[in-house]
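J.: Dropping in data36.tsv, with TSV, C-alpha atoms and all ligand atoms.
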```tsv
chain	number	residue	atom	x	y	z
A	35	MET	CA	0.00	0.00	0.00
A	36	HIS	CA	1.19	3.56	-0.75
A	37	GLN	CA	2.63	5.32	2.32
A	38	ASP	CA	0.24	8.30	1.95
A	39	VAL	CA	-2.83	6.03	2.01
A	40	LYS	CA	-4.52	5.43	5.38
A	41	GLU	CA	-6.88	2.62	4.39
A	42	ILE	CA	-7.92	0.72	1.27
A	43	LEU	CA	-11.65	1.10	0.62
A	44	PHE	CA	-11.94	-1.04	-2.52
A	45	THR	CA	-9.41	-3.46	-3.94
A	46	GLU	CA	-8.73	-3.95	-7.63
A	47	GLU	CA	-10.83	-7.14	-7.56
A	48	GLN	CA	-13.81	-5.47	-5.85
A	49	ILE	CA	-13.73	-2.62	-8.36
A	50	GLN	CA	-13.55	-4.97	-11.37
A	51	LYS	CA	-16.49	-7.03	-10.10
A	52	ARG	CA	-18.65	-3.92	-9.62
A	53	VAL	CA	-17.64	-2.48	-13.02
A	54	ARG	CA	-18.70	-5.76	-14.69
A	55	GLU	CA	-22.11	-5.53	-12.98
A	56	MET	CA	-22.54	-1.92	-14.05
A	57	GLY	CA	-21.59	-2.78	-17.66
A	58	ALA	CA	-24.17	-5.57	-17.74
A	59	GLN	CA	-26.89	-3.25	-16.44
A	60	ILE	CA	-26.01	-0.53	-18.98
A	61	THR	CA	-25.94	-3.12	-21.80
A	62	ALA	CA	-29.44	-4.27	-20.88
A	63	ASP	CA	-30.84	-0.74	-20.51
A	64	TYR	CA	-29.46	0.52	-23.84
A	65	ALA	CA	-30.38	-2.50	-26.00
A	66	GLY	CA	-30.76	-1.42	-29.65
A	67	LYS	CA	-29.11	1.95	-29.08
A	68	THR	CA	-25.66	3.48	-29.57
A	69	ILE	CA	-24.21	5.22	-26.52
A	70	LEU	CA	-22.12	8.36	-26.76
A	71	LEU	CA	-19.85	7.85	-23.74
A	72	CYS	CA	-18.72	11.17	-22.36
A	73	GLY	CA	-15.81	10.80	-19.94
A	74	ILE	CA	-14.94	13.72	-17.69
A	75	LEU	CA	-11.17	14.24	-17.74
A	76	LYS	CA	-9.04	13.38	-16.04
A	77	GLY	CA	-10.31	11.46	-13.02
A	78	ALA	CA	-12.78	9.29	-14.94
A	79	VAL	CA	-10.25	7.90	-17.43
A	80	VAL	CA	-9.42	4.65	-15.62
A	81	PHE	CA	-13.06	3.84	-14.83
A	82	TYR	CA	-14.07	4.87	-18.37
A	83	THR	CA	-11.73	2.46	-20.13
A	84	ASP	CA	-12.76	-0.43	-17.87
A	85	LEU	CA	-16.49	0.32	-18.07
A	86	ALA	CA	-16.47	0.79	-21.86
A	87	ARG	CA	-15.08	-2.74	-22.28
A	88	GLN	CA	-17.95	-4.17	-20.21
A	89	ILE	CA	-20.65	-2.55	-22.36
A	90	GLN	CA	-21.91	-4.73	-25.18
A	91	VAL	CA	-23.96	-2.27	-27.25
A	92	PRO	CA	-22.18	0.06	-29.71
A	93	VAL	CA	-20.42	3.00	-28.05
A	94	LYS	CA	-18.64	6.10	-29.29
A	95	PHE	CA	-15.90	7.71	-27.24
A	96	ASP	CA	-15.84	11.37	-26.31
A	97	PHE	CA	-14.47	13.47	-23.45
A	98	MET	CA	-14.94	16.77	-21.69
A	99	SER	CA	-12.61	18.52	-19.32
A	100	CYS	CA	-14.07	20.71	-16.61
A	101	SER	CA	-12.37	21.29	-13.34
A	102	SER	CA	-13.50	22.68	-10.01
A	103	TYR	CA	-10.96	21.20	-7.57
A	104	GLY	CA	-7.60	22.24	-9.05
A	105	SER	CA	-4.89	21.46	-6.49
A	106	SER	CA	-7.24	21.56	-3.48
A	107	ALA	CA	-9.20	18.94	-1.53
A	108	THR	CA	-12.37	21.05	-1.60
A	109	SER	CA	-14.48	22.23	-4.53
A	110	SER	CA	-14.07	25.84	-5.64
A	111	GLY	CA	-17.80	25.83	-6.45
A	112	ALA	CA	-17.12	27.22	-9.92
A	113	VAL	CA	-17.12	24.83	-12.88
A	114	THR	CA	-15.16	25.81	-15.95
A	115	ILE	CA	-15.19	23.87	-19.23
A	116	ARG	CA	-11.69	23.47	-20.57
A	117	LYS	CA	-12.51	21.07	-23.39
A	118	ASP	CA	-15.92	20.37	-24.89
A	119	MET	CA	-17.12	17.18	-26.63
A	120	ASP	CA	-16.03	16.71	-30.25
A	121	ASN	CA	-19.31	15.05	-31.30
A	122	ASP	CA	-22.49	16.92	-32.10
A	123	VAL	CA	-24.71	15.96	-29.15
A	124	ALA	CA	-28.11	16.64	-30.80
A	125	GLY	CA	-30.27	13.52	-30.81
A	126	LYS	CA	-27.61	11.38	-29.09
A	127	ASP	CA	-27.96	9.12	-26.06
A	128	ILE	CA	-25.21	10.40	-23.81
A	129	LEU	CA	-23.86	8.55	-20.82
A	130	ILE	CA	-21.63	10.78	-18.70
A	131	VAL	CA	-18.89	8.76	-17.00
A	132	GLU	CA	-17.45	10.19	-13.79
A	133	ASP	CA	-15.12	8.83	-11.15
A	134	ILE	CA	-16.93	10.51	-8.26
A	135	ILE	CA	-19.90	12.64	-7.32
A	136	ASP	CA	-19.12	14.65	-4.20
A	137	THR	CA	-20.89	18.03	-3.81
A	138	GLY	CA	-22.69	17.37	-7.13
A	139	ILE	CA	-21.64	20.79	-8.44
A	140	THR	CA	-19.79	19.42	-11.50
A	141	LEU	CA	-22.59	17.11	-12.68
A	142	SER	CA	-25.42	19.54	-11.93
A	143	TYR	CA	-23.68	21.93	-14.31
A	144	LEU	CA	-22.98	19.37	-17.05
A	145	VAL	CA	-26.35	17.64	-17.33
A	146	PRO	CA	-28.38	20.76	-18.24
A	147	TYR	CA	-25.51	21.95	-20.42
A	148	LEU	CA	-25.82	18.84	-22.61
A	149	LYS	CA	-29.63	18.62	-22.46
A	150	ASP	CA	-29.91	22.22	-23.65
A	151	ARG	CA	-27.95	21.28	-26.73
A	152	GLY	CA	-30.58	18.76	-27.78
A	153	ALA	CA	-29.30	15.40	-26.53
A	154	ASN	CA	-31.98	12.69	-26.76
A	155	SER	CA	-31.04	11.46	-23.29
A	156	VAL	CA	-28.38	12.25	-20.70
A	157	LYS	CA	-27.66	9.68	-17.98
A	158	LEU	CA	-24.95	9.44	-15.35
A	159	ALA	CA	-22.56	6.65	-14.42
A	160	THR	CA	-20.30	7.36	-11.43
A	161	LEU	CA	-18.01	4.89	-9.75
A	162	LEU	CA	-18.21	6.57	-6.33
A	163	SER	CA	-20.74	8.72	-4.54
A	164	LYS	CA	-20.30	10.66	-1.28
A	165	PRO	CA	-23.93	11.35	-0.36
A	166	SER	CA	-23.08	13.08	2.94
A	167	ARG	CA	-21.36	15.92	1.06
A	168	ARG	CA	-24.02	16.64	-1.53
A	169	GLN	CA	-24.88	20.33	-2.01
A	170	VAL	CA	-26.99	19.85	-5.13
A	171	ASP	CA	-29.60	17.10	-5.41
A	172	ILE	CA	-28.94	15.13	-8.58
A	173	HIS	CA	-30.08	11.70	-9.76
A	174	VAL	CA	-27.31	9.21	-10.57
A	175	ASP	CA	-28.48	6.39	-12.87
A	176	TYR	CA	-25.57	4.01	-12.27
A	177	ASN	CA	-23.41	4.23	-9.16
A	178	GLY	CA	-20.67	1.81	-8.18
A	179	PHE	CA	-20.17	2.42	-4.45
A	180	GLU	CA	-21.30	4.84	-1.78
A	181	ILE	CA	-18.41	6.08	0.36
A	182	PRO	CA	-18.09	8.00	3.64
A	183	ASP	CA	-16.96	11.62	3.87
A	184	ALA	CA	-13.23	11.12	3.31
A	185	PHE	CA	-10.86	12.27	0.58
A	186	VAL	CA	-10.10	9.27	-1.61
A	187	VAL	CA	-7.45	8.64	-4.25
A	188	GLY	CA	-6.51	5.96	-6.77
A	189	TYR	CA	-8.13	4.32	-9.81
A	190	GLY	CA	-8.08	7.72	-11.56
A	191	LEU	CA	-8.77	9.91	-8.52
A	192	ASP	CA	-6.06	12.38	-7.58
A	193	TYR	CA	-4.92	14.76	-4.92
A	194	ASP	CA	-2.92	17.58	-6.52
A	195	SER	CA	-2.43	15.44	-9.68
A	196	SER	CA	-0.88	12.45	-7.88
A	197	TYR	CA	-2.06	8.91	-7.02
A	198	ARG	CA	-4.22	8.43	-10.15
A	199	ASN	CA	-2.35	5.24	-11.08
A	200	LEU	CA	-2.95	3.36	-7.83
A	201	PRO	CA	-4.92	0.23	-8.84
A	202	TYR	CA	-7.15	0.42	-5.71
A	203	ILE	CA	-9.22	3.18	-4.07
A	204	GLY	CA	-7.89	4.35	-0.71
A	205	ILE	CA	-8.44	7.08	1.87
A	206	LEU	CA	-5.66	9.68	1.77
A	207	LYS	CA	-3.98	10.46	5.10
A	208	GLU	CA	-5.27	13.79	6.37
A	209	GLU	CA	-1.77	15.11	7.02
A	210	ILE	CA	-1.12	15.05	3.25
A	211	TYR	CA	-3.79	17.62	2.39
A	212	THR	CA	-3.82	19.70	5.59
A	213	LYS	CA	-0.10	20.47	5.66
B	301	LIG	O1	-19.29	16.54	-7.17
B	301	LIG	P1	-18.14	17.50	-7.17
B	301	LIG	O2	-17.90	18.11	-5.81
B	301	LIG	O3	-18.25	18.54	-8.24
B	301	LIG	O4	-16.79	16.68	-7.41
B	301	LIG	C1	-16.59	15.73	-8.42
B	301	LIG	C2	-15.64	16.21	-9.48
B	301	LIG	O5	-14.36	16.58	-8.93
B	301	LIG	C3	-13.31	15.83	-9.51
B	301	LIG	O6	-12.75	16.50	-10.61
B	301	LIG	P2	-11.49	17.50	-10.54
B	301	LIG	O7	-11.99	18.91	-10.61
B	301	LIG	O8	-10.65	17.14	-9.37
B	301	LIG	O9	-10.73	17.18	-11.88
B	301	LIG	P3	-9.91	15.83	-12.29
B	301	LIG	O10	-10.95	14.80	-12.68
B	301	LIG	O11	-9.05	16.22	-13.43
B	301	LIG	O12	-9.15	15.40	-11.07
B	301	LIG	C4	-14.01	14.57	-9.97
B	301	LIG	O13	-13.31	13.93	-10.98
B	301	LIG	C5	-15.35	15.07	-10.43
B	301	LIG	O14	-15.30	15.57	-11.75
B	302	LIG	O1	-12.54	12.36	-2.54
B	302	LIG	C1	-12.13	12.83	-3.64
B	302	LIG	N1	-10.93	12.44	-4.15
B	302	LIG	C2	-10.45	12.94	-5.32
B	302	LIG	N2	-11.09	13.84	-6.06
B	302	LIG	C3	-12.29	14.25	-5.62
B	302	LIG	N3	-13.15	15.14	-6.15
B	302	LIG	C4	-14.20	15.21	-5.36
B	302	LIG	N4	-14.06	14.41	-4.28
B	302	LIG	C5	-12.85	13.78	-4.42
B	303	MG	MG	-9.20	15.97	-9.17
```
Take the structure in the file and write it out as structure tokens.
T.:
Amino acid sequence: MHQDVKEILFTEEQIQKRVREMGAQITADYAGKTILLCGILKGAVVFYTDLARQIQVPVKFDFMSCSSYGSSATSSGAVTIRKDMDNDVAGKDILIVEDIIDTGITLSYLVPYLKDRGANSVKLATLLSKPSRRQVDIHVDYNGFEIPDAFVVGYGLDYDSSYRNLPYIGILKEEIYTK
């Protein structure tokens, strides 16, 4: 285990099992359709590539970049779009893929943004959810795990751009982000 990690919440095996279940559910729900998978850079990348390979209806890949955390452990509250999708979203069935929903500020900004541009449907797949921290009420269609109010890293999730490549999800030691 990495020395900055206090506790492992989900092992590689537990994550893979849950991602397979989510892929099966999405495959069943989208039968006969093509999904435009919109990954939110950068945290979602690891989950995105695993989830996409568990979905058995046609998918197209696309990404957006919009950041609110920067190099902090708390949300700035302001969402800025750094990179938009390349595809025209009108008439498409979009599945937004996120690593985590925390305050809900990022997703509550993105969903109306895409719906207003004429998407046929916009659904959400998040690997993690921290319900105790929610500031905006938002419906998540597919969620992997609910987690307690702790800052987590690994499997794509970072603190100040580090730890994204850890294969598990762990709680970061408080002394790392309070110093
Ligand atoms: O529900 P919220 O409180 O809005 O938090 C969730 C968002 O914060 C993180 O992104 P971040 O801004 O850290 O960018 P990153 O994915 O590049 O790390 C995470 O990947 C989500 O996009
Ligand atoms: O717990 C978290 N870890 C990493 N990034 C995050 N963005 C929102 N919450 C978190
Ligand atoms: Mg981040």
J.: Which is closer to A:Asp63 than all the others in A:Lys157, A:Lys76, A:Arg198, A:His173, using all atoms listed in the file?
T.: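 Answer, going by the shortest atom-to-atom distance: A:Lys157.
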J.: Could I get the residue neighbourhood of ligand MG 303 (chain B) at 12 Å, counting all atoms listed in the file, as a PyMOL selection string?
T.: chain A and resi 74-79+99-110+132-136+140+185-198
J.: Do you have the atom CA of A:Ile203-atom CA of A:Thr83 distance handy?
T.: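 Atom CA of A:Thr83 lies 16.3 Å from atom CA of A:Ile203.
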J.: Measure the distance from atom CA of A:Glu180 to atom CA of A:Met119 in Å and round it to one decimal.
T.: 28.1 Å
J.: Residues at most 10 Å from A:Ile181, counting only C-alpha atoms, excluding those fewer than 6 positions away in the same chain, as a list in words?
T.: Leu43, Ile134, Asp136, Leu162, Ser163, Lys164, Pro165 and Ser166 of chain A
J.: Save stretch 46-159 of chain A to a file: C-alpha atoms, as a compact mmCIF listing (two decimals), in the first residue's frame.
T.:
```txt
# COMPACT_ATOMS: atom_id res chain seq x y z
CA GLU A 46 -8.73 -3.95 -7.63
CA GLU A 47 -10.83 -7.14 -7.56
CA GLN A 48 -13.81 -5.47 -5.85
CA ILE A 49 -13.73 -2.62 -8.36
CA GLN A 50 -13.55 -4.97 -11.37
CA LYS A 51 -16.49 -7.03 -10.10
CA ARG A 52 -18.65 -3.92 -9.62
CA VAL A 53 -17.64 -2.48 -13.02
CA ARG A 54 -18.70 -5.76 -14.69
CA GLU A 55 -22.11 -5.53 -12.98
CA MET A 56 -22.54 -1.92 -14.05
CA GLY A 57 -21.59 -2.78 -17.66
CA ALA A 58 -24.17 -5.57 -17.74
CA GLN A 59 -26.89 -3.25 -16.44
CA ILE A 60 -26.01 -0.53 -18.98
CA THR A 61 -25.94 -3.12 -21.80
CA ALA A 62 -29.44 -4.27 -20.88
CA ASP A 63 -30.84 -0.74 -20.51
CA TYR A 64 -29.46 0.52 -23.84
CA ALA A 65 -30.38 -2.50 -26.00
CA GLY A 66 -30.76 -1.42 -29.65
CA LYS A 67 -29.11 1.95 -29.08
CA THR A 68 -25.66 3.48 -29.57
CA ILE A 69 -24.21 5.22 -26.52
CA LEU A 70 -22.12 8.36 -26.76
CA LEU A 71 -19.85 7.85 -23.74
CA CYS A 72 -18.72 11.17 -22.36
CA GLY A 73 -15.81 10.80 -19.94
CA ILE A 74 -14.94 13.72 -17.69
CA LEU A 75 -11.17 14.24 -17.74
CA LYS A 76 -9.04 13.38 -16.04
CA GLY A 77 -10.31 11.46 -13.02
CA ALA A 78 -12.78 9.29 -14.94
CA VAL A 79 -10.25 7.90 -17.43
CA VAL A 80 -9.42 4.65 -15.62
CA PHE A 81 -13.06 3.84 -14.83
CA TYR A 82 -14.07 4.87 -18.37
CA THR A 83 -11.73 2.46 -20.13
CA ASP A 84 -12.76 -0.43 -17.87
CA LEU A 85 -16.49 0.32 -18.07
CA ALA A 86 -16.47 0.79 -21.86
CA ARG A 87 -15.08 -2.74 -22.28
CA GLN A 88 -17.95 -4.17 -20.21
CA ILE A 89 -20.65 -2.55 -22.36
CA GLN A 90 -21.91 -4.73 -25.18
CA VAL A 91 -23.96 -2.27 -27.25
CA PRO A 92 -22.18 0.06 -29.71
CA VAL A 93 -20.42 3.00 -28.05
CA LYS A 94 -18.64 6.10 -29.29
CA PHE A 95 -15.90 7.71 -27.24
CA ASP A 96 -15.84 11.37 -26.31
CA PHE A 97 -14.47 13.47 -23.45
CA MET A 98 -14.94 16.77 -21.69
CA SER A 99 -12.61 18.52 -19.32
CA CYS A 100 -14.07 20.71 -16.61
CA SER A 101 -12.37 21.29 -13.34
CA SER A 102 -13.50 22.68 -10.01
CA TYR A 103 -10.96 21.20 -7.57
CA GLY A 104 -7.60 22.24 -9.05
CA SER A 105 -4.89 21.46 -6.49
CA SER A 106 -7.24 21.56 -3.48
CA ALA A 107 -9.20 18.94 -1.53
CA THR A 108 -12.37 21.05 -1.60
CA SER A 109 -14.48 22.23 -4.53
CA SER A 110 -14.07 25.84 -5.64
CA GLY A 111 -17.80 25.83 -6.45
CA ALA A 112 -17.12 27.22 -9.92
CA VAL A 113 -17.12 24.83 -12.88
CA THR A 114 -15.16 25.81 -15.95
CA ILE A 115 -15.19 23.87 -19.23
CA ARG A 116 -11.69 23.47 -20.57
CA LYS A 117 -12.51 21.07 -23.39
CA ASP A 118 -15.92 20.37 -24.89
CA MET A 119 -17.12 17.18 -26.63
CA ASP A 120 -16.03 16.71 -30.25
CA ASN A 121 -19.31 15.05 -31.30
CA ASP A 122 -22.49 16.92 -32.10
CA VAL A 123 -24.71 15.96 -29.15
CA ALA A 124 -28.11 16.64 -30.80
CA GLY A 125 -30.27 13.52 -30.81
CA LYS A 126 -27.61 11.38 -29.09
CA ASP A 127 -27.96 9.12 -26.06
CA ILE A 128 -25.21 10.40 -23.81
CA LEU A 129 -23.86 8.55 -20.82
CA ILE A 130 -21.63 10.78 -18.70
CA VAL A 131 -18.89 8.76 -17.00
CA GLU A 132 -17.45 10.19 -13.79
CA ASP A 133 -15.12 8.83 -11.15
CA ILE A 134 -16.93 10.51 -8.26
CA ILE A 135 -19.90 12.64 -7.32
CA ASP A 136 -19.12 14.65 -4.20
CA THR A 137 -20.89 18.03 -3.81
CA GLY A 138 -22.69 17.37 -7.13
CA ILE A 139 -21.64 20.79 -8.44
CA THR A 140 -19.79 19.42 -11.50
CA LEU A 141 -22.59 17.11 -12.68
CA SER A 142 -25.42 19.54 -11.93
CA TYR A 143 -23.68 21.93 -14.31
CA LEU A 144 -22.98 19.37 -17.05
CA VAL A 145 -26.35 17.64 -17.33
CA PRO A 146 -28.38 20.76 -18.24
CA TYR A 147 -25.51 21.95 -20.42
CA LEU A 148 -25.82 18.84 -22.61
CA LYS A 149 -29.63 18.62 -22.46
CA ASP A 150 -29.91 22.22 -23.65
CA ARG A 151 -27.95 21.28 -26.73
CA GLY A 152 -30.58 18.76 -27.78
CA ALA A 153 -29.30 15.40 -26.53
CA ASN A 154 -31.98 12.69 -26.76
CA SER A 155 -31.04 11.46 -23.29
CA VAL A 156 -28.38 12.25 -20.70
CA LYS A 157 -27.66 9.68 -17.98
CA LEU A 158 -24.95 9.44 -15.35
CA ALA A 159 -22.56 6.65 -14.42
```
